[in-house]
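Visitor: Can you keep this structure in mind? I'll have questions shortly.
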Amino acid sequence: MTATFEPTVETTVSLTIDGSTVEVPAGTSIHKACESVDIDTPTLCWAENLTPVNVCRVCVVEVEGQRALVPSCARAVEDGMVVETDSERVRHSRKMVLEFLGSGVELDQAPELQKWMEHYGSDTSRYDQYELPALKMGEAPKIQDNLYIRDYDRCVLCYKCVEACGDDAQHTYAIAVSGRGFDARISTEFDVTLPDSACVYCGNCIGVCPTGAIQFKTEYDLRSVDDWRPDDQEITRTVCSYCGVGCNLELHTQDDTIVKVTSPADHSVTSGMLCVKGRFGWQYVQPLDPPTRKRSR
Amino acid sequence: MADLYISDETADDVEIAAVDAALGGRFVIVREGERLVRAGTSKRHGHRHLLLPALHALQNAKGWISPGGLNHVCETLQVPPAEAFGVATFYDLFRTDEPKRVGDVTHVCVDAACQIAGSGDRIAELRAQGVDVHESPCLGQCERADHRTGEVAEFVQGVGGPDRVDADERPYELFHQRGDDSLRLLHRVGVVDPTSLASYREHGGYAALAAAIAMGPDAVCDAVADSGLSGRGGAAFPTGIKWRAVAAEQGRPKHVVANCDESEPGTFKDRVVMENDPFAVVEALTIAGFATGAENGWIYIRGEYPLATARLQNAINQALDAGLLGDDAAGSGRRFTIEIRRGAGAYICGEETALFASLEGFRGEPRSKPPFPTTHGLFQEPTAINNPETLLNVLDIVQIGADGYRSRGTERSPGTKLLCLSGRVARPGVYEVEFGTTLGEVLELAGGLTGSGKLRAVLMGGAAGSFIDGSYLDMPITLEDARERGTTLGSGVVMAFTDEIDMVEVLVRIAQFFRDESCGQCVPCRVGCVRQHETMVVLQQKGSLTPERRQLVDDISQVMVDASICGFGHTATNAINSAIELGLVPGVPS
Ligand SMILES: Cc1cc2nc3c(=O)[nH]c(=O)nc-3n(C[C@H](O)[C@H](O)[C@H](O)COP(=O)(O)O)c2cc1C
Ligand code: SF4
Ligand code: SF4
Ligand code: SF4
Ligand code: FES
Ligand code: FES
């Protein structure tokens with residue numbers, strides 16, 4: 001096979017955002033184009049290291065000539081596009097999406113969302129004033145091993161964990177969306193426990209979850225006794241020593257104890273993803289309950 | 001992909017036999033290769049698209065999908081169990097918990113036409129007899145709902161035996177235009193033997209395909225474009241533009257799909273056509289394949305249509321035997337085949353991109369457009385998807401030409417339209433009318449109102465459509481007049497309500513319908529439908545809404561219209577908003 005070297009012509013696209021002209025490379029998302037001119041956009045289901053699913057709709061913007069608002073995270077810019085990020089309609093939709101989420105899901109561990117809710121004036125209490133209380137997720141935490149817990153009362157169904165477990169990183173497919181409508185939940189097959197599922201405890205789902213619905217057992221335990229103190233925590237960057245890949249780890253320590261491990265999303269090797277050894281290997285002092293795999297075919 | 005982890009539970013012989021029969025020996029167990037992607041890049045030569053038929057087989061064998069049964073399917077098709085479970089739990093017709101009592105389940109419709117005919121009473125009666133009843137959204141038999149007799153739509157989901165609709169055992173007497181010479185689309189209904197290709201041919205069948213082949217694909221696309229035909233599935237998109245776009249795609253497999261999911265409450269026209277003139281659907285889809293250069297035809301039909309499914313399958317089999325389908329379909333020199341896929345109880349799967357996802361073996365979640373189906377449709381390949389009524393029009397167009405076709409209807413709405421008359425009309429049923437006929441004339445055609453009440457409202461276009469009142473009786477039934485007067489023809493629903501009917505109860509049910517049927521993917525619709533329903537329940541309990549709650553109705557509606565992913569969320573508040581605007585809701589200022 002002969003390699004052909006063609007000069008790559010980087011075409012730029014010119015569009016208008018909130019009245020100012022912006023030039024960005026073709027193929028850029030509207031969201032990134034906004035970022036390039038310091039317009040901050042709320043996002044929830046979007047992440048740098050995942051394929052856009054554009055389901056949360058919190059990032060919507062108004063594009064001239066389009067009947068409905070468009071998700072800025074997933075729509076590519078077009079030449080001559082006229083985008084409004086702070087119109088009446090945009091503000092209303094963002095306010096309502098956040099309000100809807102807050103009305104059914106526990107968001108007290110999602111400070112970023114809370115900030116935006118305040119910004120747009122979301123008032124989740126107006127759903128609860130009914131004689132008929134607003135329906136909530138209504139899920140009890142699933143604590144099935146010593147490594148991490150799933151508290152779907154906090155789940156906004158952003159699909160990030162499913163993507164991280166599946167096509168976008170892990171290719172394990174231990175979890176998926178089940179049910180329909182408001183009954184949709186992240187679940188293993190027949191809701192079996194994680195040790196009984198395909199889960200390999202890479203913890204990538206923990207890393208991407210924006211609301212604390214999936215979290216380290218250590219963090220969960222400290223939070224339940226009101227002793228989770230992020231401000232007192234130190235973060236040490238290191239390279240995982242288990243194998244030769246060279247994954248970057250961020251060890252979070254509180255009172256000299258490792259309480260969780262993350263990986264920088266922008267790291268070239270991991271894109272924020274790790275395996276069980278990097279994510280949980282520090283727990284060698286406390287015996288892991290290795291998932292009892294029944295059959296592998 | 002990586003190895004699958006599959007738990008210990010195994011399928012029993014009944015389940016294995018059912019699945020293997022459904023897959024018909026067409027598969028080989030693949031142990032590697034295919035990458036399964038949520039966005040639907042799995043290819044047809046993979047096996048994931050057989051997931052839905054396999055799940056149907058399990059459900060039918062045991063009355064539920066057991067862990068062992070699911071494992072067998074997952075291993076056979078190499079689908080991760082968590083994903084297969086996610087798919088199974090998406091559909092109403094599948095259950096994943098073991099039933100206490102295994103046996104037939106009777107689905108009784110609780111949507112508007114049946115609701116006002118007394119489905120509540122019927123359900124109580126059946127339950128008192130010990131029948132296992134499932135309350136169902138519209139079953140597409142709305143013309144059977146009759147408050148005078150108390151009949152409502154029912155569908156029996158079988159275990160170990162076939163699904164059935166008991167009313168199908170009786171001769172079909174709800175088509176009132178039989179033998180009318182002026183009919184263009186329904187002239188064979190009630191006249192032709194729907195099980196016989198010979199009878200179909202005697203009544204002019206397959207002349208259109210011959211004409212199309214003689215014209216050539218480009219000329220067929222041109223005629224369809226010139227005819228001004230627009231889609232009858234609800235969105236009224238010009239069919240010619242769609243077909244030309246698919247015809248222009250080269251070098252990839254292409255598909256034509258008949259969208260026979262027909263689940264819009266109040267809609268039953270496609271069912272009447274499929275049951276009574278199934279060869280026409282097969283012939284018209286073959287012409288679509290010929291015109292667009294697609295080799296693969298698909299019929300996606302809702303799971304609650306057993307008779308239509310059987311008749312279509314029979315028509316396909318006879319067409320294959322006669323060489324009208326196959327490697328050289330009708331001597332066209334082109335290969336064209338048709339496969340039927342059954343849905344499993346999910347209104348959203350009528351949305352075209354959700355339909356593709358469902359057919360491919362994924363959850364029926366709509367995909368973002370663009371890209372559009374004409375370039376990225378089924379299996380991400382170019383696809384023309386049409387409603388069967390749209391397709392029927394093509395039989396006429398290729399035979400009488402675009403000009404002949406345009407001799408009926410209006411300039412902007414040429415041709416004829418199938419309307420589904422139901423509710424408080426004397427003779428409910430499907431009617432074919434020329435575009436331009438007024439609403440009042442249409443109601444007269446159906447025998448006028450029945451019962452002692454006066455006309456209070458008409459639901460146009462289904463639950464996703466809107467309510468209008470008696471001041472619209474002079475409105476010509478055309479796309480342009482409907483749009484101008486702020487309503488819609490949608491899927492052709494015309495459901496009449498008299499002033500004896502409690503409209504708030506009807507609205508609560510419509511809100512419940514959307515709440516139950518939302519796919520749940522996007523926040524505005526997933527949560528908005530629930531909040532809309534809660535508001536309507538409070539209204540029903542209190543008899544009025546406070547100003548704050550009245551404001552909420554508008555706030556919910558606006559975000560759903562603006563920010564939802566698909567047409568479901570965009571239209572889910574239409575009916576209720578229009579009812580409030582018309583003043584149909586006491587206690588709520590418009
Ligand atoms: C929620 C929803 C449900 C739909 N259901 C159907 C359906 O049951 N049958 C149908 O033909 N079109 C349905 N549609 C419209 C399809 O998306 C699509 O526009 C249509 O099949 C195209 O065919 P046509 O151009 O012949 O109308 C639905 C759309 C939405 C948003
Ligand atoms: S820990 Fe890894 S394998 Fe387990 S569910 Fe999360 S992403 Fe999937
Ligand atoms: S568990 Fe977390 S990552 Fe997964 S869908 Fe819910 S909120 Fe998103
Ligand atoms: S609008 Fe409703 S049905 Fe459509 S994608 Fe969103 S949640 Fe699903
Ligand atoms: S961040 Fe764009 S839709 Fe969720
Ligand atoms: S079958 Fe009952 S409303 Fe359609």
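Residue numbering restarts at 1 in every chain; chains get A, B, ... in the order shown in the structure tokens, and ligands count up from 1 in that same order.
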Would you pick out the contacts of Gly80 of chain A at 8 Å or less, using only C-alpha atoms, so that residues sharing its chain but fewer than 6 positions from it are not included, and give the list as a list in words?

Guide: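 My reading of the contact set: Val13, Ser14, Leu15 and Thr16 of chain A.
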
Visitor: Put those residues in a file: N, CA and C atoms, as a tab-separated table (two decimals), in the first residue's frame.

Guide:
```
chain	number	residue	atom	x	y	z
A	13	VAL	N	-14.66	27.85	9.43
A	13	VAL	CA	-16.06	28.19	9.26
A	13	VAL	C	-16.31	29.46	10.04
A	14	SER	N	-17.11	30.32	9.47
A	14	SER	CA	-17.39	31.57	10.16
A	14	SER	C	-18.87	31.59	10.56
A	15	LEU	N	-19.11	31.86	11.81
A	15	LEU	CA	-20.50	31.91	12.26
A	15	LEU	C	-20.68	33.07	13.24
A	16	THR	N	-21.92	33.34	13.57
A	16	THR	CA	-22.21	34.41	14.52
A	16	THR	C	-22.75	33.81	15.79
```

Visitor: Contacts from chain B to chain A, 8 Å maximum, only C-alpha atoms: show me the residue list as a PyMOL selection string.

Guide: chain B and resi 1-8+36-38+67+80-87+89-91+96+515-524+526-528+530-531+534+538+555-556+558-559+561-565

Visitor: For the residues in the current selection, export C-alpha atoms as a short mmCIF file (atom, residue, chain, number, x, y, z; two decimals), in the first residue's frame.

Guide:
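Okay, part.cif is ready:
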```
data_model
loop_
_atom_site.label_atom_id
_atom_site.label_comp_id
_atom_site.auth_asym_id
_atom_site.auth_seq_id
_atom_site.Cartn_x
_atom_site.Cartn_y
_atom_site.Cartn_z
CA MET B 1 -15.82 -7.62 21.06
CA ALA B 2 -14.78 -9.07 24.25
CA ASP B 3 -16.10 -12.38 25.46
CA LEU B 4 -19.57 -12.26 26.86
CA TYR B 5 -20.13 -13.03 30.49
CA ILE B 6 -23.22 -15.10 30.80
CA SER B 7 -24.66 -16.33 34.06
CA ASP B 8 -25.42 -19.90 35.00
CA LEU B 36 -22.05 -3.75 18.84
CA VAL B 37 -22.65 -0.08 18.96
CA ARG B 38 -25.56 1.72 20.49
CA PRO B 67 -32.90 -15.34 32.61
CA PRO B 80 -24.41 -8.67 25.98
CA PRO B 81 -27.11 -9.74 28.45
CA ALA B 82 -27.40 -6.29 30.03
CA GLU B 83 -28.15 -4.80 26.61
CA ALA B 84 -30.63 -7.52 25.71
CA PHE B 85 -32.37 -6.95 29.03
CA GLY B 86 -32.47 -3.23 28.26
CA VAL B 87 -34.15 -4.05 24.94
CA THR B 89 -37.73 -4.11 29.15
CA PHE B 90 -38.37 -1.39 26.56
CA TYR B 91 -41.46 -3.12 25.17
CA THR B 96 -39.11 -10.07 32.45
CA ARG B 515 -46.21 9.45 30.09
CA ASP B 516 -46.29 5.70 29.42
CA GLU B 517 -44.97 5.85 25.89
CA SER B 518 -42.06 8.32 26.14
CA CYS B 519 -38.86 6.48 25.36
CA GLY B 520 -37.28 8.33 28.26
CA GLN B 521 -34.12 9.30 26.48
CA CYS B 522 -34.27 13.07 26.74
CA VAL B 523 -35.01 15.08 29.87
CA PRO B 524 -37.67 17.48 28.52
CA ARG B 526 -39.04 11.99 30.04
CA VAL B 527 -39.81 14.31 32.93
CA GLY B 528 -42.14 16.72 31.11
CA VAL B 530 -44.82 12.94 33.92
CA ARG B 531 -45.25 16.50 35.15
CA GLU B 534 -49.49 15.07 37.32
CA VAL B 538 -54.49 17.56 40.11
CA ASP B 555 -43.73 26.22 30.86
CA ILE B 556 -43.73 22.43 30.47
CA GLN B 558 -42.60 25.18 25.80
CA VAL B 559 -39.51 23.25 26.86
CA VAL B 561 -41.60 21.72 22.05
CA ASP B 562 -38.25 23.52 22.01
CA ALA B 563 -35.80 21.04 23.41
CA SER B 564 -37.06 17.45 22.96
CA ILE B 565 -35.19 15.19 20.60
#
```

Visitor: Quick one: DSSP alpha helix (DSSP H) residues in segment 271-432 of chain B, as a PyMOL selection string?

Guide: chain B and resi 271-276+278-292+306-321+352-359+373-376+388-406

Visitor: Identify, on the basis of only C-alpha atoms, every residue whose closest approach to Ala213 of chain A does not exceed 12 Å; exclude the query and any residue fewer than 2 positions from it along the same chain; express the result as a ChimeraX atom specification.

Guide: /A:105-110,137,139-143,148-158,160-161,185-186,205-211,215-217,219-220

Visitor: Export, as a short mmCIF file (atom, residue, chain, number, x, y, z; two decimals), in the first residue's frame, the selected residues with N, CA, C and O atoms.

Guide:
```
data_model
loop_
_atom_site.label_atom_id
_atom_site.label_comp_id
_atom_site.auth_asym_id
_atom_site.auth_seq_id
_atom_site.Cartn_x
_atom_site.Cartn_y
_atom_site.Cartn_z
N VAL A 105 -34.69 14.00 40.98
CA VAL A 105 -33.41 13.36 41.27
C VAL A 105 -32.70 14.15 42.37
O VAL A 105 -32.80 15.37 42.42
N GLU A 106 -32.01 13.45 43.24
CA GLU A 106 -31.22 14.11 44.29
C GLU A 106 -29.93 14.67 43.68
O GLU A 106 -29.11 13.92 43.17
N LEU A 107 -29.79 15.98 43.72
CA LEU A 107 -28.63 16.59 43.05
C LEU A 107 -27.66 17.28 44.02
O LEU A 107 -26.84 18.09 43.60
N ASP A 108 -27.73 16.93 45.31
CA ASP A 108 -26.91 17.68 46.25
C ASP A 108 -25.42 17.38 46.14
O ASP A 108 -24.60 18.04 46.76
N GLN A 109 -25.05 16.39 45.33
CA GLN A 109 -23.62 16.15 45.11
C GLN A 109 -23.22 16.53 43.68
O GLN A 109 -22.24 16.02 43.15
N ALA A 110 -23.97 17.41 43.09
CA ALA A 110 -23.66 17.87 41.74
C ALA A 110 -23.56 19.39 41.73
O ALA A 110 -24.45 20.09 41.25
N MET A 137 -37.21 9.53 41.45
CA MET A 137 -36.59 8.27 41.05
C MET A 137 -36.91 7.19 42.08
O MET A 137 -37.20 6.06 41.74
N GLU A 139 -35.11 5.44 44.40
CA GLU A 139 -34.28 4.24 44.44
C GLU A 139 -33.43 4.22 45.72
O GLU A 139 -32.91 5.24 46.14
N ALA A 140 -33.28 3.06 46.30
CA ALA A 140 -32.37 2.90 47.44
C ALA A 140 -30.97 2.59 46.92
O ALA A 140 -30.83 1.99 45.85
N PRO A 141 -29.94 3.01 47.66
CA PRO A 141 -28.57 2.74 47.18
C PRO A 141 -28.31 1.24 47.05
O PRO A 141 -28.77 0.46 47.88
N LYS A 142 -27.59 0.88 46.01
CA LYS A 142 -27.19 -0.53 45.84
C LYS A 142 -25.77 -0.68 46.34
O LYS A 142 -24.83 -0.14 45.73
N ILE A 143 -25.61 -1.36 47.46
CA ILE A 143 -24.28 -1.58 48.03
C ILE A 143 -24.01 -3.07 47.97
O ILE A 143 -24.58 -3.84 48.73
N TYR A 148 -17.44 -0.07 45.10
CA TYR A 148 -18.23 1.13 44.81
C TYR A 148 -19.72 0.85 44.95
O TYR A 148 -20.15 -0.28 44.94
N ILE A 149 -20.46 1.94 45.11
CA ILE A 149 -21.91 1.81 45.31
C ILE A 149 -22.64 2.51 44.16
O ILE A 149 -22.07 3.36 43.47
N ARG A 150 -23.89 2.15 43.96
CA ARG A 150 -24.71 2.82 42.95
C ARG A 150 -25.97 3.35 43.64
O ARG A 150 -26.73 2.57 44.22
N ASP A 151 -26.14 4.63 43.57
CA ASP A 151 -27.28 5.27 44.22
C ASP A 151 -28.12 5.95 43.15
O ASP A 151 -27.96 7.14 42.86
N TYR A 152 -29.02 5.18 42.56
CA TYR A 152 -29.74 5.70 41.39
C TYR A 152 -30.79 6.75 41.72
O TYR A 152 -31.42 7.29 40.81
N ASP A 153 -30.95 7.05 42.98
CA ASP A 153 -31.75 8.21 43.34
C ASP A 153 -31.08 9.50 42.82
O ASP A 153 -31.72 10.54 42.73
N ARG A 154 -29.80 9.39 42.52
CA ARG A 154 -29.03 10.53 42.02
C ARG A 154 -28.81 10.46 40.51
O ARG A 154 -28.05 11.25 39.96
N CYS A 155 -29.42 9.51 39.87
CA CYS A 155 -29.10 9.27 38.46
C CYS A 155 -29.93 10.17 37.54
O CYS A 155 -31.15 10.17 37.59
N VAL A 156 -29.24 10.91 36.67
CA VAL A 156 -29.92 11.78 35.71
C VAL A 156 -30.04 11.12 34.33
O VAL A 156 -30.43 11.75 33.36
N LEU A 157 -29.68 9.85 34.25
CA LEU A 157 -29.75 9.09 33.00
C LEU A 157 -29.01 9.79 31.86
O LEU A 157 -29.56 10.00 30.78
N CYS A 158 -27.77 10.14 32.15
CA CYS A 158 -26.97 10.82 31.13
C CYS A 158 -26.29 9.82 30.18
O CYS A 158 -25.64 10.23 29.22
N LYS A 160 -23.69 8.25 30.47
CA LYS A 160 -22.22 8.26 30.44
C LYS A 160 -21.62 6.95 30.93
O LYS A 160 -20.67 6.43 30.35
N CYS A 161 -22.17 6.41 32.01
CA CYS A 161 -21.62 5.16 32.54
C CYS A 161 -21.78 4.02 31.55
O CYS A 161 -20.91 3.17 31.41
N ARG A 185 -33.97 2.97 33.93
CA ARG A 185 -32.92 2.90 34.96
C ARG A 185 -31.67 2.28 34.36
O ARG A 185 -31.77 1.46 33.45
N ILE A 186 -30.52 2.63 34.92
CA ILE A 186 -29.29 1.94 34.56
C ILE A 186 -29.32 0.60 35.29
O ILE A 186 -29.58 0.55 36.50
N CYS A 205 -17.05 3.81 35.07
CA CYS A 205 -18.37 4.41 35.23
C CYS A 205 -18.36 5.43 36.38
O CYS A 205 -19.02 6.46 36.31
N ILE A 206 -17.58 5.13 37.42
CA ILE A 206 -17.49 6.07 38.55
C ILE A 206 -16.87 7.37 38.06
O ILE A 206 -17.34 8.46 38.39
N GLY A 207 -15.83 7.20 37.26
CA GLY A 207 -15.09 8.36 36.79
C GLY A 207 -15.92 9.32 35.97
O GLY A 207 -15.68 10.53 35.99
N VAL A 208 -16.92 8.82 35.25
CA VAL A 208 -17.68 9.71 34.37
C VAL A 208 -18.99 10.20 34.98
O VAL A 208 -19.60 11.13 34.46
N CYS A 209 -19.43 9.60 36.07
CA CYS A 209 -20.74 9.96 36.61
C CYS A 209 -20.75 11.39 37.17
O CYS A 209 -19.95 11.72 38.03
N PRO A 210 -21.64 12.23 36.67
CA PRO A 210 -21.61 13.65 37.05
C PRO A 210 -22.34 13.99 38.35
O PRO A 210 -22.29 15.13 38.79
N THR A 211 -23.02 13.04 38.94
CA THR A 211 -23.90 13.40 40.06
C THR A 211 -23.62 12.63 41.34
O THR A 211 -24.34 12.79 42.32
N GLN A 215 -20.36 5.94 43.12
CA GLN A 215 -19.21 6.46 43.84
C GLN A 215 -18.46 5.39 44.62
O GLN A 215 -19.00 4.33 44.93
N PHE A 216 -17.19 5.72 44.92
CA PHE A 216 -16.37 4.83 45.72
C PHE A 216 -17.07 4.54 47.03
O PHE A 216 -17.65 5.43 47.65
N LYS A 217 -16.96 3.32 47.47
CA LYS A 217 -17.54 2.94 48.76
C LYS A 217 -16.90 3.79 49.87
O LYS A 217 -17.60 4.23 50.80
N GLU A 219 -15.84 6.84 49.69
CA GLU A 219 -16.47 8.15 49.69
C GLU A 219 -17.88 8.07 50.26
O GLU A 219 -18.29 8.90 51.09
N TYR A 220 -18.61 7.05 49.86
CA TYR A 220 -19.98 6.89 50.33
C TYR A 220 -20.02 6.75 51.85
O TYR A 220 -20.83 7.38 52.53
#
```

Visitor: Which residues are near ligand 6 in this structure, taking near to mean any atom at most 8 Å from a ligand atom and counting only C-alpha atoms and all ligand atoms? Format them as a PyMOL selection string.

Guide: chain B and resi 108-115+137-145+152-154+265-268

Visitor: Would you compute the distance between atom CA of Val73 of chain B and atom CA of Leu359 of chain B? Give it in Å to one decimal.

Guide: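 It comes out at 16.1 Å.
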
Visitor: What residues of the protein or nucleic acid chains come within 6 Å of ligand 1 when you use only C-alpha atoms and all ligand atoms? Reply as a list in words.

Guide: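 Checking only C-alpha atoms and all ligand atoms against ligand 1 at 6 Å gives Gly231, Arg232, Gly233, Gly234, Ala235, Ala236, Phe237, Thr239, Asn259, Cys260, Asp261, Glu262, Ser263, Glu264, Ile348, Gly350, Glu351, Glu352, Ile385, Asn386, Asn387, Thr390, Cys566, Gly567 and Phe568 of chain B.
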
Visitor: When you draw a straight line from atom CA of Tyr120 of chain A to atom CA of Arg229 of chain A, how long is it in Å?

Guide: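 Interatomic distance, atom CA of Tyr120 of chain A to atom CA of Arg229 of chain A: 28.2 Å.
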
Visitor: Nearest to ligand 5: which of A:His252, A:Arg237, A:His31, A:Lys260 is it, counting only C-alpha atoms and all ligand atoms?

Guide: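 For ligand 5, the nearest of the given residues is A:His31.
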
Visitor: Residues near Leu455 of chain B, anyone? I mean within 12 Å using only C-alpha atoms, not counting same-chain ones fewer than 3 positions away, as an MDAnalysis selection string.

Guide: chainID B and resid 423:425 440 443 448:452 458:459 468:473 495:501 584

Visitor: The selected residues should be written to file as a compact mmCIF listing (two decimals), in the first residue's frame (atoms: N, CA, C and O atoms).

Guide:
```
# COMPACT_ATOMS: atom_id res chain seq x y z
N GLY B 423 -65.20 7.49 17.69
CA GLY B 423 -65.85 8.29 18.73
C GLY B 423 -67.36 8.23 18.52
O GLY B 423 -67.90 7.23 18.05
N ARG B 424 -68.03 9.36 18.83
CA ARG B 424 -69.49 9.35 18.79
C ARG B 424 -70.04 9.63 17.40
O ARG B 424 -70.80 10.58 17.19
N VAL B 425 -69.63 8.81 16.42
CA VAL B 425 -70.26 8.89 15.10
C VAL B 425 -71.05 7.61 14.89
O VAL B 425 -70.72 6.56 15.45
N GLY B 440 -67.46 18.77 8.02
CA GLY B 440 -68.88 18.49 8.22
C GLY B 440 -69.34 17.36 7.31
O GLY B 440 -70.06 16.45 7.73
N LEU B 443 -68.10 14.01 8.59
CA LEU B 443 -68.88 13.49 9.71
C LEU B 443 -70.22 12.94 9.21
O LEU B 443 -70.70 11.91 9.69
N GLY B 448 -73.12 10.92 10.77
CA GLY B 448 -73.39 11.97 11.75
C GLY B 448 -73.14 11.47 13.16
O GLY B 448 -72.61 10.39 13.38
N LEU B 449 -73.54 12.32 14.10
CA LEU B 449 -73.28 11.98 15.50
C LEU B 449 -74.24 10.92 16.00
O LEU B 449 -75.32 10.71 15.45
N THR B 450 -73.84 10.27 17.05
CA THR B 450 -74.72 9.31 17.69
C THR B 450 -74.81 9.65 19.17
O THR B 450 -73.95 10.34 19.70
N GLY B 451 -75.84 9.15 19.80
CA GLY B 451 -76.05 9.52 21.19
C GLY B 451 -76.90 10.77 21.24
O GLY B 451 -77.28 11.33 20.21
N SER B 452 -77.18 11.23 22.44
CA SER B 452 -78.12 12.34 22.55
C SER B 452 -77.42 13.69 22.62
O SER B 452 -78.07 14.73 22.56
N VAL B 458 -63.73 17.72 18.22
CA VAL B 458 -63.22 16.68 17.35
C VAL B 458 -61.71 16.62 17.55
O VAL B 458 -61.03 17.65 17.51
N LEU B 459 -61.21 15.42 17.81
CA LEU B 459 -59.76 15.26 17.91
C LEU B 459 -59.23 14.96 16.52
O LEU B 459 -59.59 13.96 15.91
N ILE B 468 -60.45 20.40 17.95
CA ILE B 468 -61.12 21.55 17.36
C ILE B 468 -62.59 21.45 17.75
O ILE B 468 -63.01 20.43 18.30
N ASP B 469 -63.39 22.48 17.44
CA ASP B 469 -64.80 22.39 17.81
C ASP B 469 -65.70 22.59 16.60
O ASP B 469 -65.24 22.62 15.46
N GLY B 470 -66.99 22.75 16.85
CA GLY B 470 -67.98 22.83 15.79
C GLY B 470 -67.75 23.96 14.80
O GLY B 470 -68.26 23.93 13.68
N SER B 471 -66.99 24.97 15.18
CA SER B 471 -66.74 26.09 14.27
C SER B 471 -65.83 25.68 13.11
O SER B 471 -65.59 26.45 12.19
N TYR B 472 -65.33 24.45 13.15
CA TYR B 472 -64.45 23.98 12.08
C TYR B 472 -65.16 23.10 11.07
O TYR B 472 -64.53 22.55 10.18
N LEU B 473 -66.49 22.94 11.22
CA LEU B 473 -67.18 22.00 10.33
C LEU B 473 -67.05 22.39 8.86
O LEU B 473 -67.11 21.54 7.97
N MET B 495 -61.89 12.04 15.51
CA MET B 495 -62.60 11.38 16.61
C MET B 495 -63.56 12.39 17.22
O MET B 495 -63.15 13.46 17.66
N ALA B 496 -64.85 12.02 17.21
CA ALA B 496 -65.87 12.98 17.64
C ALA B 496 -66.26 12.79 19.11
O ALA B 496 -66.43 11.66 19.58
N PHE B 497 -66.40 13.92 19.80
CA PHE B 497 -66.81 13.91 21.20
C PHE B 497 -68.05 14.77 21.35
O PHE B 497 -68.11 15.88 20.82
N THR B 498 -69.03 14.26 22.07
CA THR B 498 -70.24 15.05 22.32
C THR B 498 -70.19 15.61 23.73
O THR B 498 -69.32 15.24 24.53
N ASP B 499 -71.14 16.50 24.03
CA ASP B 499 -71.07 17.18 25.32
C ASP B 499 -71.51 16.32 26.50
O ASP B 499 -71.54 16.78 27.63
N GLU B 500 -71.82 15.05 26.24
CA GLU B 500 -72.09 14.15 27.38
C GLU B 500 -70.79 13.58 27.96
O GLU B 500 -70.81 12.89 28.97
N ILE B 501 -69.71 13.84 27.25
CA ILE B 501 -68.45 13.19 27.64
C ILE B 501 -67.63 14.08 28.57
O ILE B 501 -67.53 15.29 28.36
N LEU B 584 -62.37 23.71 26.65
CA LEU B 584 -62.99 22.41 26.94
C LEU B 584 -62.78 21.99 28.38
O LEU B 584 -63.36 21.02 28.84
```

Visitor: Considering only C-alpha atoms, can you say which of B:His72, B:Arg164, B:His533, B:Arg244 comes closest to Phe513 of chain B?

Guide: B:His533

Visitor: In Å, rounded to a single decimal, give me how far atom CA of Cys349 of chain B is from atom CA of Arg302 of chain B.

Guide: 8.7 Å

Visitor: If we count only C-alpha atoms, what is near Thr286 of chain B at a cut-off of 9 Å, once residues fewer than 3 positions away on the same chain are taken out, given as a list in words?

Guide: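 Skipping anything fewer than 3 positions along the chain leaves Leu209, Val256, Val281, Val282, Glu283, Gly289, Phe290, Ala291, Gly297, Leu324, Leu325, Ala329, Phe336, Thr337 and Ile338 of chain B.
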
Visitor: Return the single residue from B:Arg367, B:Arg148, B:Arg95, B:Arg311 that is closest to ligand 4, with distances computed using only C-alpha atoms and all ligand atoms.

Guide: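 Distance minimum relative to ligand 4 lands on B:Arg367.
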
Visitor: Compile the contact shell of Cys202 of chain A as a list of chain:residue names: residues with an atom at most 7 Å away, counting only C-alpha atoms, same-chain residues fewer than 3 positions apart removed.

Guide: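 Residues meeting the cut-off are A:Leu274, A:Cys275, A:Val276, A:Arg279.
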
Visitor: Write out the residues from the selection above, keeping N, CA and C atoms, as a PDB file, in the first residue's frame.

Guide:
```
ATOM      1  N   LEU A 274      -9.450   3.801  33.356  1.00  0.00           N
ATOM      2  CA  LEU A 274      -8.454   2.968  34.031  1.00  0.00           C
ATOM      3  C   LEU A 274      -8.934   1.523  34.056  1.00  0.00           C
ATOM      4  N   CYS A 275      -8.132   0.633  34.700  1.00  0.00           N
ATOM      5  CA  CYS A 275      -8.606  -0.728  34.929  1.00  0.00           C
ATOM      6  C   CYS A 275      -8.685  -0.962  36.429  1.00  0.00           C
ATOM      7  N   VAL A 276      -9.131  -2.156  36.801  1.00  0.00           N
ATOM      8  CA  VAL A 276      -9.374  -2.437  38.208  1.00  0.00           C
ATOM      9  C   VAL A 276      -8.127  -2.233  39.062  1.00  0.00           C
ATOM     10  N   ARG A 279      -7.530   1.521  39.528  1.00  0.00           N
ATOM     11  CA  ARG A 279      -8.637   2.164  40.204  1.00  0.00           C
ATOM     12  C   ARG A 279      -8.763   1.685  41.648  1.00  0.00           C
TER      13      ARG A 279
END
```
